[in-house]
file upload.cif (mmCIF, C-alpha atoms and all ligand atoms)
data_data
#
loop_
_atom_site.label_atom_id
_atom_site.label_comp_id
_atom_site.auth_asym_id
_atom_site.auth_seq_id
_atom_site.Cartn_x
_atom_site.Cartn_y
_atom_site.Cartn_z
CA MET A 1 18.99 13.65 -21.03
CA SER A 2 18.39 17.35 -21.60
CA LYS A 3 17.17 18.18 -18.13
CA LEU A 4 16.64 16.43 -14.83
CA GLY A 5 14.57 17.71 -11.95
CA CYS A 6 16.47 17.34 -8.69
CA GLU A 7 14.75 16.52 -5.39
CA CYS A 8 15.76 20.00 -4.14
CA GLY A 9 13.79 21.68 -6.92
CA TYR A 10 16.76 22.67 -9.04
CA VAL A 11 16.63 21.67 -12.70
CA ILE A 12 19.89 20.13 -13.95
CA ARG A 13 20.29 20.98 -17.62
CA ASP A 14 22.41 19.16 -20.17
CA ASN A 15 22.22 21.18 -23.34
CA THR A 16 25.87 21.93 -24.09
CA ASP A 17 29.34 20.37 -23.91
CA ASP A 18 31.99 20.65 -21.19
CA LEU A 19 29.56 20.69 -18.30
CA PRO A 20 31.48 20.85 -14.99
CA HIS A 21 28.73 18.98 -13.15
CA LYS A 22 28.53 16.02 -15.54
CA ALA A 23 30.67 12.94 -16.10
CA SER A 24 30.31 9.52 -17.64
CA PHE A 25 31.30 6.14 -16.38
CA ILE A 26 31.61 2.65 -17.79
CA PRO A 27 30.26 -0.06 -15.48
CA ASP A 28 33.07 -2.48 -14.67
CA LYS A 29 31.07 -5.43 -15.96
CA LEU A 30 31.03 -3.75 -19.40
CA ASP A 31 34.77 -3.01 -19.66
CA TYR A 32 35.66 -6.09 -21.68
CA GLN A 33 32.49 -5.89 -23.76
CA MET A 34 33.52 -2.37 -24.79
CA LEU A 35 37.07 -3.48 -25.60
CA ASP A 36 35.66 -6.37 -27.65
CA GLU A 37 33.46 -3.89 -29.51
CA ILE A 38 36.47 -1.69 -30.30
CA LYS A 39 38.38 -4.74 -31.54
CA THR A 40 35.45 -5.81 -33.72
CA ARG A 41 35.11 -2.34 -35.22
CA ILE A 42 38.83 -2.20 -36.02
CA GLU A 43 38.69 -5.66 -37.59
CA ASN A 44 35.70 -4.61 -39.70
CA TYR A 45 37.60 -1.50 -40.77
CA LYS A 46 40.64 -3.55 -41.77
CA GLU A 47 38.40 -5.95 -43.68
CA LYS A 48 36.89 -3.07 -45.63
CA LEU A 49 40.37 -1.86 -46.54
CA ASN A 50 41.45 -5.38 -47.54
CA LEU A 51 38.40 -5.63 -49.80
CA GLY A 52 39.39 -2.34 -51.40
CA GLU A 53 36.35 -0.48 -50.13
CA LYS A 54 36.72 3.26 -49.94
CA VAL A 55 36.09 4.92 -46.61
CA TYR A 56 36.04 8.62 -45.79
CA ASP A 57 38.98 10.23 -43.98
CA ASP A 58 37.51 10.15 -40.46
CA TYR A 59 35.81 6.77 -40.82
CA LEU A 60 37.97 4.93 -38.27
CA PHE A 61 37.84 7.85 -35.84
CA ASP A 62 34.04 7.92 -36.11
CA LEU A 63 33.87 4.16 -35.52
CA ILE A 64 36.03 4.25 -32.42
CA SER A 65 34.93 7.56 -30.91
CA THR A 66 31.32 6.43 -30.69
CA VAL A 67 31.93 3.05 -29.05
CA ASP A 68 31.51 4.42 -25.54
CA LEU A 69 28.02 5.72 -26.34
CA LYS A 70 26.80 2.14 -26.28
CA PHE A 71 28.27 1.41 -22.83
CA ARG A 72 28.65 4.58 -20.81
CA LYS A 73 26.29 5.92 -18.21
CA ASP A 74 25.98 9.53 -17.10
CA ILE A 75 26.35 11.05 -13.69
CA TYR A 76 25.33 14.57 -12.69
CA GLU A 77 26.01 16.59 -9.56
CA CYS A 78 23.28 19.03 -8.64
CA ILE A 79 24.92 22.45 -8.29
CA ASN A 80 22.29 23.47 -5.75
CA CYS A 81 22.40 20.61 -3.21
CA GLY A 82 25.32 18.38 -4.29
CA ARG A 83 23.10 15.38 -4.82
CA LEU A 84 24.55 12.89 -7.31
CA TRP A 85 22.33 11.46 -10.03
CA LEU A 86 23.53 8.21 -11.56
CA GLN A 87 22.12 6.63 -14.67
CA THR A 88 21.02 3.05 -14.14
CA ALA A 89 21.27 0.14 -16.55
CA SER A 90 17.70 0.82 -17.63
CA GLY A 91 18.53 4.45 -18.44
CA ASN A 92 16.70 6.00 -15.51
CA PHE A 93 18.42 8.12 -12.87
CA ILE A 94 18.65 7.53 -9.13
CA SER A 95 20.09 10.01 -6.65
CA TYR A 96 22.49 9.89 -3.72
CA LEU A 97 22.56 12.75 -1.28
CA SER A 98 25.89 14.38 -0.48
CA GLU A 99 26.93 14.16 3.16
CA THR A 100 27.90 17.85 3.07
CA GLY A 101 24.58 18.79 1.50
CA LYS A 102 26.28 21.19 -0.88
CA TYR A 103 27.81 21.26 -4.34
CA GLU A 104 31.41 20.03 -4.18
CA ALA A 105 32.23 20.16 -7.90
CA ILE A 106 33.56 16.61 -7.67
CA LEU A 107 33.02 16.01 -11.39
CA ASP A 108 34.76 19.23 -12.44
CA VAL A 109 38.27 18.41 -13.67
CA ASP A 110 39.29 22.03 -13.09
CA ASN A 111 38.34 21.83 -9.42
ZN ZN B 201 19.59 19.34 -5.97
#
call {"tool": "encode", "arguments": {"input": "upload.cif", "output": "structure tokens", "more": "lines below"}}
Ligand SMILES: [Zn+2]
result
Amino acid sequence: MSKLGCECGYVIRDNTDDLPHKASFIPDKLDYQMLDEIKTRIENYKEKLNLGEKVYDDYLFDLISTVDLKFRKDIYECINCGRLWLQTASGNFISYLSETGKYEAILDVDN
């Protein structure tokens, strides 16, 4: 997602890293599927090595560091009204209105 129009009229943008109003989550029902995927990728890596195949230096890191992309969902907090936007299984977003009606920076680890 590069931008999301909030119900309040604010446009939530996602065009850089380290956004304080963005986080990701892994649905609980996908936890073990993700771990199985990591295990499979490691086993495939070991098999390549056992077969004597050459891999580039960061090959294993690239394999593992991208696993979550397949499973994670995004969540945004509107900095104007505090509404949370959660990504659904289908990839769309649905919102939940904050009870305070304001931005609480709940996704900001420096908060
Ligand atoms: Zn908003």
call {"tool": "atom_distance", "arguments": {"input": "upload.cif", "atom1": "CA of Tyr103 (chain A)", "atom2": "CA of Ile79 (chain A)"}}
result
5.0 Å
call {"tool": "residues_near_ligand", "arguments": {"input": "upload.cif", "ligand": "ligand ZN 201 (chain B)", "cutoff": "10 Å", "atoms": "only C-alpha atoms and all ligand atoms", "output": "JSON, numbers by chain"}}
result
{"A": [4, 5, 6, 7, 8, 9, 10, 11, 12, 77, 78, 79, 80, 81, 82, 83, 84, 85, 95, 97, 98, 101, 102, 103]}
call {"tool": "atom_distance", "arguments": {"input": "upload.cif", "atom1": "CA of Phe71 (chain A)", "atom2": "CA of Met34 (chain A)"}}
result
6.8 Å
call {"tool": "closest_residue", "arguments": {"input": "upload.cif", "among": "A:Lys73, A:Lys54, A:Lys3, A:His21", "to": "Ala105 (chain A)", "atoms": "all atoms listed in the file"}}
result
A:His21
call {"tool": "closest_residue", "arguments": {"input": "upload.cif", "among": "A:Leu107, A:Tyr96, A:Thr88, A:Val67", "to": "Gln33 (chain A)", "atoms": "only C-alpha atoms"}}
result
A:Val67
call {"tool": "atom_distance", "arguments": {"input": "upload.cif", "atom1": "CA of Asn15 (chain A)", "atom2": "CA of Ser2 (chain A)"}}
result
5.7 Å
call {"tool": "residues_near_point", "arguments": {"input": "upload.cif", "point": "(38.3, 3.8, -32.3)", "cutoff": "7 Å", "atoms": "all atoms listed in the file", "output": "number ranges by chain"}}
result
A: 38, 60-61, 63-65
call {"tool": "residues_around", "arguments": {"input": "upload.cif", "residues": "Leu19 (chain A)", "least_positions_apart": "3", "cutoff": "10 Å", "atoms": "only C-alpha atoms", "output": "PyMOL selection string"}}
result
chain A and resi 13-16+22-23+76+107-108
call {"tool": "residues_around", "arguments": {"input": "upload.cif", "residues": "Gly91 (chain A)", "least_positions_apart": "2", "cutoff": "12 Å", "atoms": "all atoms listed in the file", "output": "list in words"}}
result
Met1, Lys70, Phe71, Arg72, Lys73, Asp74, Ile75, Trp85, Leu86, Gln87, Thr88, Ala89, Phe93 and Ile94 of chain A
call {"tool": "decode", "arguments": {"input": "upload.cif", "residues": "region 62-85 of chain A", "atoms": "N, CA and C atoms", "output": "CSV table (one decimal), in the first residue's frame"}}
result
chain,number,residue,atom,x,y,z
A,62,ASP,N,18.6,-13.6,2.6
A,62,ASP,CA,17.6,-13.2,1.7
A,62,ASP,C,16.4,-14.2,1.8
A,63,LEU,N,16.7,-15.5,1.9
A,63,LEU,CA,15.6,-16.5,2.0
A,63,LEU,C,14.8,-16.3,3.2
A,64,ILE,N,15.5,-16.1,4.4
A,64,ILE,CA,14.8,-16.1,5.6
A,64,ILE,C,14.1,-14.7,5.9
A,65,SER,N,14.8,-13.6,5.5
A,65,SER,CA,14.3,-12.3,5.8
A,65,SER,C,13.0,-12.0,5.0
A,66,THR,N,12.7,-12.7,4.0
A,66,THR,CA,11.5,-12.4,3.2
A,66,THR,C,10.4,-13.4,3.5
A,67,VAL,N,10.6,-14.3,4.4
A,67,VAL,CA,9.5,-15.2,4.7
A,67,VAL,C,8.2,-14.5,5.2
A,68,ASP,N,8.4,-13.5,6.1
A,68,ASP,CA,7.3,-12.9,6.6
A,68,ASP,C,6.4,-12.1,5.6
A,69,LEU,N,7.0,-11.8,4.5
A,69,LEU,CA,6.2,-11.1,3.5
A,69,LEU,C,5.0,-11.9,3.0
A,70,LYS,N,5.2,-13.2,3.0
A,70,LYS,CA,4.1,-14.1,2.6
A,70,LYS,C,3.0,-14.2,3.6
A,71,PHE,N,3.2,-13.8,4.9
A,71,PHE,CA,2.3,-14.1,5.9
A,71,PHE,C,1.8,-12.9,6.7
A,72,ARG,N,2.6,-11.8,6.7
A,72,ARG,CA,2.2,-10.7,7.5
A,72,ARG,C,1.2,-9.8,6.9
A,73,LYS,N,0.5,-9.1,7.8
A,73,LYS,CA,-0.5,-8.1,7.4
A,73,LYS,C,-0.1,-6.8,8.0
A,74,ASP,N,-0.5,-5.7,7.4
A,74,ASP,CA,-0.1,-4.4,7.9
A,74,ASP,C,-1.2,-3.8,8.7
A,75,ILE,N,-0.8,-2.9,9.6
A,75,ILE,CA,-1.8,-2.1,10.4
A,75,ILE,C,-1.2,-0.7,10.4
A,76,TYR,N,-2.1,0.3,10.2
A,76,TYR,CA,-1.8,1.7,10.2
A,76,TYR,C,-2.6,2.4,11.3
A,77,GLU,N,-2.1,3.4,11.9
A,77,GLU,CA,-2.8,4.3,12.8
A,77,GLU,C,-2.9,5.7,12.1
A,78,CYS,N,-4.0,6.2,11.9
A,78,CYS,CA,-4.2,7.5,11.3
A,78,CYS,C,-3.7,8.5,12.3
A,79,ILE,N,-2.7,9.4,11.8
A,79,ILE,CA,-2.2,10.4,12.7
A,79,ILE,C,-3.1,11.6,12.9
A,80,ASN,N,-4.2,11.6,12.2
A,80,ASN,CA,-5.2,12.7,12.4
A,80,ASN,C,-6.3,12.3,13.4
A,81,CYS,N,-6.8,11.1,13.3
A,81,CYS,CA,-8.0,10.7,14.1
A,81,CYS,C,-7.7,9.5,15.0
A,82,GLY,N,-6.6,8.8,14.8
A,82,GLY,CA,-6.3,7.6,15.6
A,82,GLY,C,-7.0,6.4,15.2
A,83,ARG,N,-7.7,6.4,14.1
A,83,ARG,CA,-8.4,5.2,13.6
A,83,ARG,C,-7.3,4.2,13.2
A,84,LEU,N,-7.6,2.9,13.5
A,84,LEU,CA,-6.7,1.9,13.1
A,84,LEU,C,-7.2,1.2,11.8
A,85,TRP,N,-6.3,1.0,10.9
A,85,TRP,CA,-6.6,0.3,9.7
A,85,TRP,C,-5.9,-1.0,9.6
